[in-house]
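Notes follow the structure.
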Amino acid sequence: MVKLIVLRELLDQFTSLRFYLSLLLVIFLMGLCGIIHSVKYRTEVQKYRASLTRYEQQLSGRTIDELMTVHHLALKPPWKLAFLADGGQRLVPNAYAQVLDADWTPYFYRTHSPNFRLRPFEALDWTFIVRVVLSLVAFVFAYDAICGEKQQGTLRLAMSYPVSRWNVLVGKFLAVWGCVGVLFIVGALLSLIILTTYGGIGLSGEELRKVTICSLLTLLASALFVWVGLLVSTLMHRTTTSLVVLLLVWVGFVVVVPGASGMLAHKLKPVPTPDEVGRRIQAISDEIMQEYKGRESGWRGRRLGRVDNYAWERISAEAQNKRYARQERVRRKFLRQKLAQVEFVQMLSSISPTSLFQCASEHLIGSGLDRDRRFIERAWAFRGVLENYFRTVDQMDPESPHIFFFSGYMSNKKVDVRSIPRFQFQEIPLPQCLAQAVWGILILGLETAMTAITSYVLFLRYDVR
Amino acid sequence: MLTYLVMLLTVIRKEVHQNLLTFHFIICTVVTLTLVILAVFIASEDYNLRLQAYQIKVREHENALRHVHVYSSLQPTVLRPPEPLSILCHGYDAKLGTEVNINIYQVPFQAAGERRGNEYMFVFRDLDLTVLVKVVLGLLALLLTFDVMAGEKEEGMLRLILSNPLSRATLLFGKYLGGLAILFLPLFMSLAIGLLIVLFHANVKLITSDWLRIGGIFVSYFIYLSLMLLVGILISTITHRTSVSLVLCVFVWLLAVFIIPNSATAFASDVMALEASEQVINDHIAQLIEERDRLIGQQRNPFLDKVSGYFPFYNWSGDNNAILLRYGDPQYYNIATKYYRHQAELGISYAEKIFHVRQAYEWQLHHAARLEAEVSYLSPAYILERLAESFAGTSIDDYDRFLAHCRTYRNQFITYLQSKNAFSSWRWFTDDPPDVKPWVNFFGLKPEDVTDEHVIQHVLARVDPAMMERWQKIIAQDNEDPTRILDLSDMPRFSYSSPDIREIITRSAIDLGLMLVINVVLFTASFVLFVRYDVR
């Protein structure tokens, strides 16, 4: 019986105008997504290589002492799965430059800054298409499932057959869900074909698994959207009211909740302004200056300093390294506060299922905040690796004054360029991603079940006349 | 004529009454008003913070100008004040730089030093009045009219209405005006509430020109909503069933508000490849700077390198070749004058060259933005955003305008320096009086008698702490000496104010005209279609 209902409903949908409009829209957007990400990934790889080559050029033929003043680069590789969920990777800093001499301030930056003249926009990826288009499409497919039949009077007729209300509801759900699923799968396949043929992007096994799991999550999310549509459809008695309500719900999900949570976060979880942080950093400099006031320190050069075994320079280096460590603590705290603020916004906006879906899919493929955080931690840890390396190679040179990370007073020997450690970044492995995403997925599933049950209960009490 | 008006009024009144208490009207109004309160409140606080930071910085820079000793270190920093109307329409105001350093070595091409906020907060676009009008009220406009014809027809009302002595044109026009009248209410209320919050919570004093610009914003919103109304009417006259009409309206709205502008920007941003990346441009600029410095170095005189009895005792240098010398020999200063004039001249001419290179890069960015705009013009929501930003003074054009003002100011500044003969006088690098006493006099020596030994003893080595102390006292005294500080009372000052209404209307005439033309076209099309509409 359910099968019959599903078939009839599917036929209805497939012959309707809204199905073809949606199909056109999804195909257009998914195709555009494929093209944009093909081009973008290609140029990003080029830029990534160019930045690395530049860095390699700076490294070659330098002495250890000269390498103290080179900007050592930690570079985030281009994000291959950006077509799934960009997660802001196209905007957030993708590089960390640090000079080992502690007189320099390390900084995160973007190697190729985006065009500031363009308007802020949301990346055209699968999650955008699902969040903005498929959710609305699911609503448009489902809004008249119950109340439409009632208006036409066919619901009474259907109920006169020996079929349970649950079966009717599930049949309708499966049909609408199937339609939305078909749209998504057609679009996703199209964009994958464009990405692999035109873009030449090869996906590894792990990446394919991420794509599959993310697609499954999309299907779960669309089930939720369809159930919300059915719920409203059983609540209302006129089709137009039902769609109007759904539209307002959609505006709430997609525009109001994320926008309002962003604004609330500025108020509830404020982050100090760069000016304030700058003042705190300056205060540390002043403190150190006070602490070392009156002690003999300075730079006298290699020749003069040897007189007292670089006593002045050692003190300068000590002060400098101490200042660096303290200031770095402030800077890191500031950055962590910013990340925490973003996390807070995500938490607030999770009230909206579309935002929850966005957040869960970012976790699921290791994009967005998880990737940023991983990169930041790795980039910070990279300094330790470099310091260890240079300490070791400097110790091997007996002529060096061994004043660590104080340019001018380290070994003048050259090192083998290949032996300098390079920054490595691996994407987050799938199990770790799953662990991050599990809560989001569970809540989405729970919401789906709850909406389904509520719709069922409401439909039981629905006056079909 | 009178009967016509009466008829029209009846239609309008009916339309207003019918919609005023509908569910969607109430919900949309409540949602808009709540969010307006939240958005304007938070934006006001943000504005207050920005204003405070601006005032502090202005004071700092003003203070700095009171302690300039030589022209080479006269490099005023100018600031763009935060735009009060950005509270209503954020635009680019808090996103781009506000601070420009004016000096002879660089023609300003970008502004720096701002509160950029959290760079990791990318997805969550903040809400402002414009977004709310664009999304929520735009939707409401469509919801008011999607059933205007098809709905009446379904109920059989249309036949009834047209059996009265009422022309179709009057009916259509009446329904349109009725829709406008209904939309006026939430629009006016949100603007009024927004302005009340601005007046009471933000540190602003709105002047006449601000009020005119606010009027402009309101008119833009209104034209946009009228356009959306007409889209609804048109769709309603094409279709014969309300459900079809509503579904079509939903798709149009989705495309206009979310899909078209977003896709256009995404395409322009990621697919348009820049011919020369910023890196290439920066390398080119670095090359030019290197060339400039080499040319400057060629003119270097032997005095400047060798420490001798002619050499000034005190030597301070800062950004952009700022330099302050003291207690040197007049002979030395005369040669240095030539050198520094050469340096300044090269600096000015290379500043132009660097600017041209940079401009080539900016043109590429412009080009991508133009592509974005050309595609986005398909969406009325995009035109609305441009218009509102233009009236609010928060558009990208206003940023360009600020930079253009900075460049004009730099030219005035250079003219001022020339009028003061700054480049070819001692005053470029020293605040010593013409009858300067070189440091050697202090030790009872003559410049030609000074040996390396003397120099090391008196200048370089800290052999005699008592001597050092005496010198430091003299230097501190001279730093405070008012005769050694430049009198800048006649220096041109920088001031920037938002564009006035006439300028704005000129620059957004195309956008405004386009919106109006679309309105007229839509109305005509609906009229033609409605005349041929089968009302049965």
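We label chains A, B, ... in the order they appear in the structure tokens, count residues from 1 in each chain, and number ligands from 1 in the order shown.
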Check the DSSP output for the backbone and give back, as an mmCIF file with N, CA, C and O atoms, in the first residue's frame, the residues of stretch 30-87 of chain A in strand (DSSP E).
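Generated output (states-v8.cif):
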data_model
loop_
_atom_site.group_PDB
_atom_site.id
_atom_site.type_symbol
_atom_site.label_atom_id
_atom_site.label_comp_id
_atom_site.auth_asym_id
_atom_site.auth_seq_id
_atom_site.Cartn_x
_atom_site.Cartn_y
_atom_site.Cartn_z
ATOM 1 N N HIS A 72 60.176 32.143 8.368
ATOM 2 C CA HIS A 72 59.884 30.730 8.129
ATOM 3 C C HIS A 72 58.392 30.557 7.946
ATOM 4 O O HIS A 72 57.589 31.099 8.699
ATOM 5 N N LEU A 73 58.067 29.791 6.939
ATOM 6 C CA LEU A 73 56.681 29.757 6.481
ATOM 7 C C LEU A 73 55.993 28.458 6.882
ATOM 8 O O LEU A 73 56.527 27.372 6.665
ATOM 9 N N ALA A 74 54.822 28.594 7.491
ATOM 10 C CA ALA A 74 53.935 27.449 7.678
ATOM 11 C C ALA A 74 52.733 27.725 6.806
ATOM 12 O O ALA A 74 52.027 28.711 7.011
ATOM 13 N N LEU A 75 52.535 26.886 5.791
ATOM 14 C CA LEU A 75 51.504 27.191 4.795
ATOM 15 C C LEU A 75 50.440 26.111 4.813
ATOM 16 O O LEU A 75 50.746 24.926 4.826
#
Excluding B:Ser209 and residues on its chain fewer than 5 positions from it, collect all residues at most 12 Å away from it, counting only C-alpha atoms, and give them as an mmCIF file with N, CA and C atoms, in the first residue's frame.
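Dumped everything to around00.cif:
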data_model
loop_
_atom_site.group_PDB
_atom_site.id
_atom_site.type_symbol
_atom_site.label_atom_id
_atom_site.label_comp_id
_atom_site.auth_asym_id
_atom_site.auth_seq_id
_atom_site.Cartn_x
_atom_site.Cartn_y
_atom_site.Cartn_z
ATOM 1 N N PRO B 84 27.996 57.800 10.407
ATOM 2 C CA PRO B 84 26.855 57.532 11.309
ATOM 3 C C PRO B 84 25.773 56.662 10.672
ATOM 4 N N LEU B 85 25.549 56.858 9.369
ATOM 5 C CA LEU B 85 24.463 56.094 8.748
ATOM 6 C C LEU B 85 24.842 54.637 8.520
ATOM 7 N N ILE B 214 19.018 60.026 4.724
ATOM 8 C CA ILE B 214 18.113 59.023 5.281
ATOM 9 C C ILE B 214 16.846 58.944 4.423
ATOM 10 N N GLY B 215 16.389 60.143 3.991
ATOM 11 C CA GLY B 215 15.252 60.162 3.073
ATOM 12 C C GLY B 215 15.556 59.360 1.820
ATOM 13 N N GLY B 216 16.780 59.522 1.307
ATOM 14 C CA GLY B 216 17.190 58.768 0.117
ATOM 15 C C GLY B 216 17.142 57.276 0.357
ATOM 16 N N PHE B 391 23.568 55.962 -0.498
ATOM 17 C CA PHE B 391 22.958 57.027 0.313
ATOM 18 C C PHE B 391 23.543 57.068 1.714
ATOM 19 N N ALA B 392 23.865 55.897 2.246
ATOM 20 C CA ALA B 392 24.402 55.862 3.608
ATOM 21 C C ALA B 392 25.853 56.320 3.643
ATOM 22 N N GLY B 393 26.485 56.385 2.479
ATOM 23 C CA GLY B 393 27.903 56.765 2.465
ATOM 24 C C GLY B 393 28.810 55.636 2.899
ATOM 25 N N SER B 497 34.232 64.763 4.805
ATOM 26 C CA SER B 497 32.841 64.620 5.213
ATOM 27 C C SER B 497 32.119 63.781 4.174
ATOM 28 N N SER B 498 31.052 63.158 4.609
ATOM 29 C CA SER B 498 30.283 62.292 3.715
ATOM 30 C C SER B 498 29.773 63.109 2.541
ATOM 31 N N PRO B 499 29.543 62.460 1.410
ATOM 32 C CA PRO B 499 29.059 63.195 0.240
ATOM 33 C C PRO B 499 27.686 63.778 0.505
ATOM 34 N N ASP B 500 27.380 64.904 -0.146
ATOM 35 C CA ASP B 500 26.046 65.484 0.051
ATOM 36 C C ASP B 500 25.076 64.853 -0.938
ATOM 37 N N ILE B 501 23.814 65.154 -0.718
ATOM 38 C CA ILE B 501 22.750 64.431 -1.417
ATOM 39 C C ILE B 501 22.864 64.591 -2.929
ATOM 40 N N ARG B 502 23.282 65.772 -3.376
ATOM 41 C CA ARG B 502 23.359 66.003 -4.816
ATOM 42 C C ARG B 502 24.405 65.073 -5.442
ATOM 43 N N GLU B 503 25.544 64.983 -4.768
ATOM 44 C CA GLU B 503 26.617 64.121 -5.267
ATOM 45 C C GLU B 503 26.139 62.671 -5.327
ATOM 46 N N ILE B 504 25.426 62.262 -4.277
ATOM 47 C CA ILE B 504 24.965 60.877 -4.229
ATOM 48 C C ILE B 504 23.983 60.598 -5.357
#
- request: Specify as JSON, numbers by chain all residues of chain A found within 6 Å of chain B, counting only C-alpha atoms.
  value: {"A": [36, 39, 40, 88, 92, 118, 121, 258, 259, 262, 342]}
Store the residues picked out above, limited to N, CA, C and O atoms, as an mmCIF file, in the first residue's frame.
data_model
loop_
_atom_site.group_PDB
_atom_site.id
_atom_site.type_symbol
_atom_site.label_atom_id
_atom_site.label_comp_id
_atom_site.auth_asym_id
_atom_site.auth_seq_id
_atom_site.Cartn_x
_atom_site.Cartn_y
_atom_site.Cartn_z
ATOM 1 N N ILE A 36 33.423 26.542 -10.608
ATOM 2 C CA ILE A 36 34.135 27.489 -9.750
ATOM 3 C C ILE A 36 35.236 26.775 -8.969
ATOM 4 O O ILE A 36 36.372 27.235 -8.914
ATOM 5 N N VAL A 39 38.309 25.695 -11.123
ATOM 6 C CA VAL A 39 39.234 26.795 -11.419
ATOM 7 C C VAL A 39 39.948 27.232 -10.145
ATOM 8 O O VAL A 39 41.165 27.431 -10.127
ATOM 9 N N LYS A 40 39.169 27.353 -9.080
ATOM 10 C CA LYS A 40 39.720 27.877 -7.832
ATOM 11 C C LYS A 40 40.816 26.966 -7.298
ATOM 12 O O LYS A 40 41.878 27.437 -6.896
ATOM 13 N N GLY A 88 34.778 28.685 5.085
ATOM 14 C CA GLY A 88 35.543 29.916 5.248
ATOM 15 C C GLY A 88 37.020 29.787 4.900
ATOM 16 O O GLY A 88 37.782 30.729 5.089
ATOM 17 N N VAL A 92 39.928 32.832 5.589
ATOM 18 C CA VAL A 92 40.724 32.900 6.819
ATOM 19 C C VAL A 92 42.209 32.797 6.488
ATOM 20 O O VAL A 92 42.580 32.328 5.419
ATOM 21 N N LEU A 118 34.841 43.264 -3.804
ATOM 22 C CA LEU A 118 33.649 42.428 -3.968
ATOM 23 C C LEU A 118 32.863 42.399 -2.665
ATOM 24 O O LEU A 118 33.415 42.565 -1.582
ATOM 25 N N PHE A 121 30.368 37.248 0.407
ATOM 26 C CA PHE A 121 29.436 36.256 -0.145
ATOM 27 C C PHE A 121 29.697 34.915 0.502
ATOM 28 O O PHE A 121 30.719 34.708 1.144
ATOM 29 N N PRO A 258 21.192 32.670 12.081
ATOM 30 C CA PRO A 258 22.639 32.901 11.973
ATOM 31 C C PRO A 258 23.010 34.366 12.164
ATOM 32 O O PRO A 258 23.974 34.677 12.864
ATOM 33 N N GLY A 259 22.225 35.262 11.555
ATOM 34 C CA GLY A 259 22.536 36.692 11.672
ATOM 35 C C GLY A 259 22.448 37.161 13.110
ATOM 36 O O GLY A 259 23.354 37.822 13.617
ATOM 37 N N GLY A 262 25.241 35.793 15.292
ATOM 38 C CA GLY A 262 26.492 36.508 15.057
ATOM 39 C C GLY A 262 26.526 37.811 15.845
ATOM 40 O O GLY A 262 27.522 38.152 16.477
ATOM 41 N N VAL A 342 33.799 32.275 17.509
ATOM 42 C CA VAL A 342 33.174 31.646 16.346
ATOM 43 C C VAL A 342 32.433 30.382 16.772
ATOM 44 O O VAL A 342 31.308 30.113 16.333
#
query: Using the chain letters and numbers from this document, which residues of stretch 288-429 of chain B does DSSP assign to alpha helix (DSSP H), as JSON, numbers by chain?
result: {"B": [288, 289, 290, 291, 292, 293, 294, 295, 296, 297, 298, 302, 303, 304, 305, 330, 331, 332, 333, 334, 335, 336, 337, 338, 339, 340, 341, 342, 343, 344, 345, 346, 347, 348, 349, 350, 351, 352, 353, 354, 355, 356, 357, 358, 359, 360, 361, 362, 363, 364, 365, 366, 367, 368, 369, 370, 371, 372, 373, 374, 375, 376, 380, 381, 382, 383, 384, 385, 386, 387, 388, 389, 390, 391, 392, 396, 397, 398, 399, 400, 401, 402, 403, 404, 405, 406, 407, 408, 409, 410, 411, 412, 413, 414, 415, 416, 417, 418, 419]}
- prompt: Near A:Asn321, counting only C-alpha atoms, which residues have an atom at most 12 Å away, once you skip same-chain residues fewer than 5 positions from it, shown as a PyMOL selection string?
  reply: chain A and resi 100-105+285+288+313-316+326-328+403-407
- prompt: Taking only C-alpha atoms into account, which of B:Val436, B:Leu199, B:Met149, B:Leu33 comes nearest B:Gly328?
  reply: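 That would be B:Val436, the residue with the smallest distance to B:Gly328.
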